[in-house]
Amino acid sequence: MSEALLRVEALRVAYGHIPVVFGVDLDVAAGEIVALLGANGAGKTTTLRAISGIVRPTSGAVTFAGKRIDGTAAERIARLGVVHVPEGRGVFPSLLVDETLRLAGRGLPRNELASTLTRVYELFPRLDDRRRQAVGQLSGGERQMVALSRALLSKPTLLMIDEPSQGLAPIVCDQLFEVIGKLARDEGIAVLLVEQFVTRALALASRAYVLTKGEVSFAGTAAKLAADESFIASSYLGEVDDRAFAATLAPEDVDLAKAARRR
Ligand SMILES: Nc1ncnc2c1ncn2[C@@H]1O[C@H](COP(=O)(O)OP(=O)(O)OP(=O)(O)O)[C@@H](O)[C@H]1O
Ligand SMILES: [Mg+2]
C-alpha cells in the first residue's frame with residue numbers, strides 16, 4: 001500500500017510493569033476502513049489509547065500524516081484530526097444532546113459549527129428529535145449516536161471507534177455501521193474500527209488486523225479473513241445471536257430497533 005495516513009510501527013505498551021501490547025505494526029490509508037479484531041483482553045483498546053496519546057507507548061512509533069505523534073499530548077493529537085470514540089461512549093449524562101455537540105464543536109468557526117451540526121442531525125434523525133433531551137436519558141443506541149456525532153464535531157481525519165455495537169441490538173448496530181460506511185465514502189474519513197461483531201466489521205472494512213495476546217496474528221484483506229471459516233467459527237470471536245441480544249436490551253433499545261426495522 002502507498003501513503004499511509006496512520007502508521008504504527010513496533011508499538012509496545014505496558015500498564016505499570018505489565019506489558020500488554022508487544023510490537024504491533026498496522027496502518028490505515030486516508031478514507032480507508034480498517035477493522036481491529038481480537039478476543040477480550042487482546043490489547044485492542046490499549047492500542048487505540050496509545051495512538052490517541054491517552055497512554056504513552058513503551059517503545060515504537062506512531063506516525064500520522066507524515067508526523068510522529070507518539071509522545072504528543074492527547075489533546076494535541078485530537079486537534080490534528082485523530083479522534084477516539086471510546087468504549088463505553090464517554091458522554092456526560094446530565095448534558096443535553098445539543099449542548100454535548102456544541103461543546104464538542106466549540107473550536108469551530110460559527111458557520112462550520114452550524115453546517116456540521118446540520119450534517120450530524122441529518123445522519124442521525126433520531127438525535128434531531130432529541131436535541132433537548134439529557135444524554136443520560138437516551139437509550140444505548142442513541143448514546144452511541146451522540147458519541148459518534150461528538151467525534152464528528154471535532155472534524156476527524158481518522159476516527160478510531162471502540163466497539164460501537166456494544167450492547168446494541170443487531171439492527172441498531174446495522175444503522176450505525178451504515179453511517180460509518182457513509183462517513184468514509186462521502187467524507188473521506190478514515191476509520192479504525194474495533195469490533196466484536198466480526199462479520200459486520202469485515203463487511204464494512206477493506207482490511208483487517210487480528211490481535212492475539214498483544215500481537216498481530218493476522219493482517220490482510222477483510223475478504224480474506226471473512227473467508228477463513230475457522231477464524232469466523234472460533235468461539236472467542238463468535239457472534240451473539242439476535243435473540244440472546246434482544247434479551248439483554250433496554251426497552252428503549254427494543255423500540256429503537258423496531259423503529260429502525262420499519263424505516
Ligand atoms: N488501565 C489498566 N491498567 C492495567 N491493566 C490494564 C488496564 N487496561 C487494560 N489492562 C489490561 O491490558 C490488557 C489489554 O486490555 P485491553 O483493554 O486493551 O483489551 P481489549 O482487546 O480492548 O479487550 P476487550 O475486548 O475486552 O475490550 C488486559 O489484560 C487488561 O486487563
Ligand atoms: Mg477494549
# chains A, B, ... in the order shown; residues from 1 in each chain; ligands from 1
call {"tool": "select_by_dssp", "arguments": {"residues": "range 79-229 of chain A", "states": "strand (DSSP E)", "output": "NGL selection string"}}
result
:A and (82-85 or 158-162 or 190-194 or 207-212 or 215-221)
call {"tool": "residues_around", "arguments": {"residues": "Gln133 in chain A", "least_positions_apart": "5", "cutoff": "12 Å", "atoms": "only C-alpha atoms", "output": "list in words"}}
result
Pro93, Ser94, Leu95, Leu96, Val97, Asp98, Glu99, Thr100, Arg126, Leu127, Asp128, Leu138, Ser139, Glu142, Arg143 and Val146 of chain A
call {"tool": "closest_atom_pairs", "arguments": {"of": "chain A", "to": "ligand 2", "cutoff": "8 Å", "atoms": "only C-alpha atoms and all ligand atoms", "output": "CSV"}}
result
residue,atom,partner,partner_atom_place_in_ligand_line,distance
A:Asn40,CA,ligand 2,1 (Mg),6.8
A:Gly41,CA,ligand 2,1 (Mg),6.8
A:Gly43,CA,ligand 2,1 (Mg),7.0
A:Lys44,CA,ligand 2,1 (Mg),5.5
A:Thr45,CA,ligand 2,1 (Mg),4.0
A:Thr46,CA,ligand 2,1 (Mg),7.2
A:Glu87,CA,ligand 2,1 (Mg),6.5
A:Asp162,CA,ligand 2,1 (Mg),6.7
A:Glu163,CA,ligand 2,1 (Mg),7.3
A:Val194,CA,ligand 2,1 (Mg),7.8
call {"tool": "closest_residue", "arguments": {"among": "A:Arg49, A:Arg150, A:Arg12, A:Arg7", "to": "ligand 1", "atoms": "only C-alpha atoms and all ligand atoms"}}
result
A:Arg49
call {"tool": "residues_near_ligand", "arguments": {"ligand": "ligand 1", "cutoff": "10 Å", "atoms": "only C-alpha atoms and all ligand atoms", "output": "ChimeraX atom specification"}}
result
/A:13-21,36-50,55,87-88,162-163,166,194-196,210-214,237
call {"tool": "write_last_selection", "arguments": {"atoms": "N, CA and C atoms", "output": "JSON list (two decimals), in the first residue's frame"}}
result
[["chain", "number", "residue", "atom", "x", "y", "z"],
["A", 13, "VAL", "N", 3.21, -1.40, 24.56],
["A", 13, "VAL", "CA", 2.56, -0.63, 25.62],
["A", 13, "VAL", "C", 2.49, -1.49, 26.88],
["A", 14, "ALA", "N", 2.72, -0.87, 28.03],
["A", 14, "ALA", "CA", 2.61, -1.57, 29.31],
["A", 14, "ALA", "C", 1.76, -0.73, 30.26],
["A", 15, "TYR", "N", 1.09, -1.40, 31.17],
["A", 15, "TYR", "CA", 0.45, -0.70, 32.30],
["A", 15, "TYR", "C", 1.34, -0.96, 33.51],
["A", 16, "GLY", "N", 1.97, 0.05, 34.01],
["A", 16, "GLY", "CA", 2.96, -0.15, 35.07],
["A", 16, "GLY", "C", 4.07, -1.03, 34.52],
["A", 17, "HIS", "N", 4.29, -2.16, 35.19],
["A", 17, "HIS", "CA", 5.35, -3.06, 34.73],
["A", 17, "HIS", "C", 4.79, -4.17, 33.84],
["A", 18, "ILE", "N", 3.49, -4.16, 33.63],
["A", 18, "ILE", "CA", 2.90, -5.29, 32.90],
["A", 18, "ILE", "C", 2.70, -4.94, 31.42],
["A", 19, "PRO", "N", 3.52, -5.55, 30.55],
["A", 19, "PRO", "CA", 3.36, -5.28, 29.13],
["A", 19, "PRO", "C", 2.11, -5.96, 28.59],
["A", 20, "VAL", "N", 1.36, -5.24, 27.74],
["A", 20, "VAL", "CA", 0.15, -5.85, 27.16],
["A", 20, "VAL", "C", 0.12, -5.78, 25.64],
["A", 21, "VAL", "N", 0.90, -4.90, 25.05],
["A", 21, "VAL", "CA", 0.98, -4.82, 23.58],
["A", 21, "VAL", "C", 2.45, -5.02, 23.21],
["A", 36, "LEU", "N", -10.00, -3.73, 13.55],
["A", 36, "LEU", "CA", -9.03, -4.26, 14.52],
["A", 36, "LEU", "C", -9.81, -5.21, 15.43],
["A", 37, "LEU", "N", -9.51, -6.50, 15.27],
["A", 37, "LEU", "CA", -10.31, -7.52, 15.93],
["A", 37, "LEU", "C", -9.45, -8.28, 16.94],
["A", 38, "GLY", "N", -10.12, -9.08, 17.76],
["A", 38, "GLY", "CA", -9.37, -9.88, 18.72],
["A", 38, "GLY", "C", -10.19, -10.14, 19.97],
["A", 39, "ALA", "N", -9.77, -11.12, 20.73],
["A", 39, "ALA", "CA", -10.51, -11.54, 21.93],
["A", 39, "ALA", "C", -10.48, -10.46, 23.00],
["A", 40, "ASN", "N", -11.31, -10.63, 24.01],
["A", 40, "ASN", "CA", -11.28, -9.74, 25.18],
["A", 40, "ASN", "C", -9.88, -9.77, 25.77],
["A", 41, "GLY", "N", -9.37, -8.60, 26.06],
["A", 41, "GLY", "CA", -8.05, -8.51, 26.69],
["A", 41, "GLY", "C", -6.88, -8.61, 25.73],
["A", 42, "ALA", "N", -7.15, -8.66, 24.43],
["A", 42, "ALA", "CA", -6.07, -8.83, 23.44],
["A", 42, "ALA", "C", -5.20, -7.59, 23.30],
["A", 43, "GLY", "N", -5.74, -6.43, 23.70],
["A", 43, "GLY", "CA", -4.95, -5.20, 23.60],
["A", 43, "GLY", "C", -5.49, -4.21, 22.58],
["A", 44, "LYS", "N", -6.71, -4.39, 22.14],
["A", 44, "LYS", "CA", -7.29, -3.51, 21.11],
["A", 44, "LYS", "C", -7.47, -2.08, 21.65],
["A", 45, "THR", "N", -8.15, -1.99, 22.79],
["A", 45, "THR", "CA", -8.38, -0.67, 23.39],
["A", 45, "THR", "C", -7.05, 0.00, 23.73],
["A", 46, "THR", "N", -6.13, -0.78, 24.27],
["A", 46, "THR", "CA", -4.82, -0.22, 24.63],
["A", 46, "THR", "C", -4.11, 0.33, 23.39],
["A", 47, "THR", "N", -4.22, -0.36, 22.29],
["A", 47, "THR", "CA", -3.61, 0.12, 21.04],
["A", 47, "THR", "C", -4.23, 1.46, 20.64],
["A", 48, "LEU", "N", -5.54, 1.56, 20.70],
["A", 48, "LEU", "CA", -6.20, 2.84, 20.36],
["A", 48, "LEU", "C", -5.76, 3.94, 21.33],
["A", 49, "ARG", "N", -5.68, 3.59, 22.62],
["A", 49, "ARG", "CA", -5.26, 4.58, 23.62],
["A", 49, "ARG", "C", -3.85, 5.08, 23.36],
["A", 50, "ALA", "N", -2.99, 4.17, 22.93],
["A", 50, "ALA", "CA", -1.60, 4.57, 22.66],
["A", 50, "ALA", "C", -1.56, 5.49, 21.44],
["A", 55, "VAL", "N", -2.43, 6.76, 26.66],
["A", 55, "VAL", "CA", -1.31, 6.09, 27.34],
["A", 55, "VAL", "C", -0.07, 6.26, 26.48],
["A", 87, "GLU", "N", -14.66, 3.17, 24.15],
["A", 87, "GLU", "CA", -15.54, 2.10, 24.62],
["A", 87, "GLU", "C", -16.39, 2.68, 25.74],
["A", 88, "GLY", "N", -17.64, 2.29, 25.84],
["A", 88, "GLY", "CA", -18.46, 2.81, 26.92],
["A", 88, "GLY", "C", -18.92, 4.24, 26.66],
["A", 162, "ASP", "N", -14.20, 2.44, 19.22],
["A", 162, "ASP", "CA", -14.01, 1.24, 20.04],
["A", 162, "ASP", "C", -15.36, 0.59, 20.35],
["A", 163, "GLU", "N", -15.60, -0.54, 19.73],
["A", 163, "GLU", "CA", -16.80, -1.34, 19.96],
["A", 163, "GLU", "C", -18.11, -0.55, 19.96],
["A", 166, "GLN", "N", -21.43, -2.34, 21.07],
["A", 166, "GLN", "CA", -21.54, -2.93, 22.40],
["A", 166, "GLN", "C", -22.92, -2.72, 23.02],
["A", 194, "VAL", "N", -12.67, -1.02, 16.09],
["A", 194, "VAL", "CA", -12.54, -2.18, 16.98],
["A", 194, "VAL", "C", -13.94, -2.77, 17.16],
["A", 195, "GLU", "N", -14.07, -4.05, 16.91],
["A", 195, "GLU", "CA", -15.41, -4.66, 16.98],
["A", 195, "GLU", "C", -15.37, -6.12, 17.42],
["A", 196, "GLN", "N", -16.42, -6.51, 18.11],
["A", 196, "GLN", "CA", -16.63, -7.93, 18.43],
["A", 196, "GLN", "C", -17.55, -8.57, 17.39],
["A", 210, "VAL", "N", -5.90, -8.84, 13.25],
["A", 210, "VAL", "CA", -6.36, -9.56, 14.44],
["A", 210, "VAL", "C", -5.24, -9.50, 15.47],
["A", 211, "LEU", "N", -5.60, -9.08, 16.68],
["A", 211, "LEU", "CA", -4.65, -9.07, 17.78],
["A", 211, "LEU", "C", -4.88, -10.31, 18.62],
["A", 212, "THR", "N", -3.81, -11.00, 18.94],
["A", 212, "THR", "CA", -3.88, -12.13, 19.85],
["A", 212, "THR", "C", -2.84, -11.90, 20.93],
["A", 213, "LYS", "N", -3.31, -11.76, 22.15],
["A", 213, "LYS", "CA", -2.41, -11.51, 23.30],
["A", 213, "LYS", "C", -1.38, -10.44, 23.00],
["A", 214, "GLY", "N", -1.84, -9.34, 22.47],
["A", 214, "GLY", "CA", -0.96, -8.20, 22.27],
["A", 214, "GLY", "C", -0.09, -8.23, 21.03],
["A", 237, "LEU", "N", -14.43, -15.24, 19.07],
["A", 237, "LEU", "CA", -14.92, -14.12, 18.28],
["A", 237, "LEU", "C", -16.35, -14.38, 17.81]]
call {"tool": "closest_atom_pairs", "arguments": {"of": "range 62-137 of chain A", "to": "range 173-187 of chain A", "cutoff": "12 Å", "atoms": "only C-alpha atoms", "output": "CSV"}}
result
residue,atom,partner,partner_atom,distance
A:Thr116,CA,A:Glu187,CA,11.8
A:Arg119,CA,A:Leu183,CA,10.8
A:Val120,CA,A:Val179,CA,10.2
A:Tyr121,CA,A:Val179,CA,11.8
A:Glu122,CA,A:Val179,CA,10.5
A:Leu123,CA,A:Val179,CA,6.8
A:Phe124,CA,A:Val179,CA,8.5
A:Pro125,CA,A:Gln175,CA,11.6
A:Arg126,CA,A:Gln175,CA,11.3
call {"tool": "write_last_selection", "arguments": {"atoms": "N, CA, C and O atoms", "output": "compact mmCIF listing (two decimals), in the first residue's frame"}}
result
# COMPACT_ATOMS: atom_id res chain seq x y z
N THR A 116 -21.89 21.62 10.33
CA THR A 116 -21.56 20.27 10.82
C THR A 116 -22.71 19.73 11.67
O THR A 116 -23.07 18.55 11.57
N ARG A 119 -25.37 18.54 9.38
CA ARG A 119 -24.97 17.27 8.78
C ARG A 119 -25.16 16.10 9.77
O ARG A 119 -25.68 15.04 9.42
N VAL A 120 -24.77 16.33 11.03
CA VAL A 120 -24.87 15.29 12.05
C VAL A 120 -26.35 14.93 12.29
O VAL A 120 -26.72 13.76 12.39
N TYR A 121 -27.19 15.96 12.37
CA TYR A 121 -28.62 15.68 12.59
C TYR A 121 -29.27 15.03 11.36
O TYR A 121 -30.26 14.33 11.49
N GLU A 122 -28.67 15.25 10.20
CA GLU A 122 -29.14 14.53 9.00
C GLU A 122 -28.76 13.06 9.07
O GLU A 122 -29.54 12.19 8.73
N LEU A 123 -27.53 12.82 9.54
CA LEU A 123 -27.06 11.44 9.66
C LEU A 123 -27.85 10.68 10.73
O LEU A 123 -28.09 9.49 10.60
N PHE A 124 -28.22 11.40 11.80
CA PHE A 124 -28.93 10.76 12.91
C PHE A 124 -30.23 11.51 13.21
O PHE A 124 -30.30 12.27 14.19
N PRO A 125 -31.26 11.30 12.41
CA PRO A 125 -32.54 11.99 12.62
C PRO A 125 -33.10 11.72 14.03
O PRO A 125 -33.78 12.56 14.60
N ARG A 126 -32.75 10.56 14.55
CA ARG A 126 -33.19 10.20 15.90
C ARG A 126 -32.70 11.23 16.94
O ARG A 126 -33.38 11.55 17.89
call {"tool": "closest_residue", "arguments": {"among": "A:Lys67, A:His84, A:Arg106, A:Lys224", "to": "Ile161 in chain A", "atoms": "only C-alpha atoms"}}
result
A:His84
call {"tool": "select_by_dssp", "arguments": {"residues": "range 109-175 of chain A", "states": "helix (DSSP H, G or I)", "output": "ChimeraX atom specification"}}
result
/A:110-123,125-128,135-137,140-153,170-175
call {"tool": "atom_distance", "arguments": {"atom1": "CA of Leu192 in chain A", "atom2": "CA of Val28 in chain A"}}
result
7.3 Å
call {"tool": "closest_residue", "arguments": {"among": "A:Ala219, A:Ala201, A:Leu5, A:Ile54", "to": "Pro86 in chain A", "atoms": "only C-alpha atoms"}}
result
A:Ile54
call {"tool": "atom_distance", "arguments": {"atom1": "CA of Glu9 in chain A", "atom2": "CA of Val198 in chain A"}}
result
24.4 Å
call {"tool": "atom_distance", "arguments": {"atom1": "CA of Gln137 in chain A", "atom2": "CA of Phe92 in chain A"}}
result
10.8 Å
call {"tool": "residues_around", "arguments": {"residues": "Gly105 in chain A", "least_positions_apart": "4", "cutoff": "12 Å", "atoms": "only C-alpha atoms", "output": "count of residues only"}}
result
23
call {"tool": "closest_residue", "arguments": {"among": "A:Gly220, A:Pro170, A:Gly81, A:Pro164", "to": "Leu193 in chain A", "atoms": "only C-alpha atoms"}}
result
A:Pro164
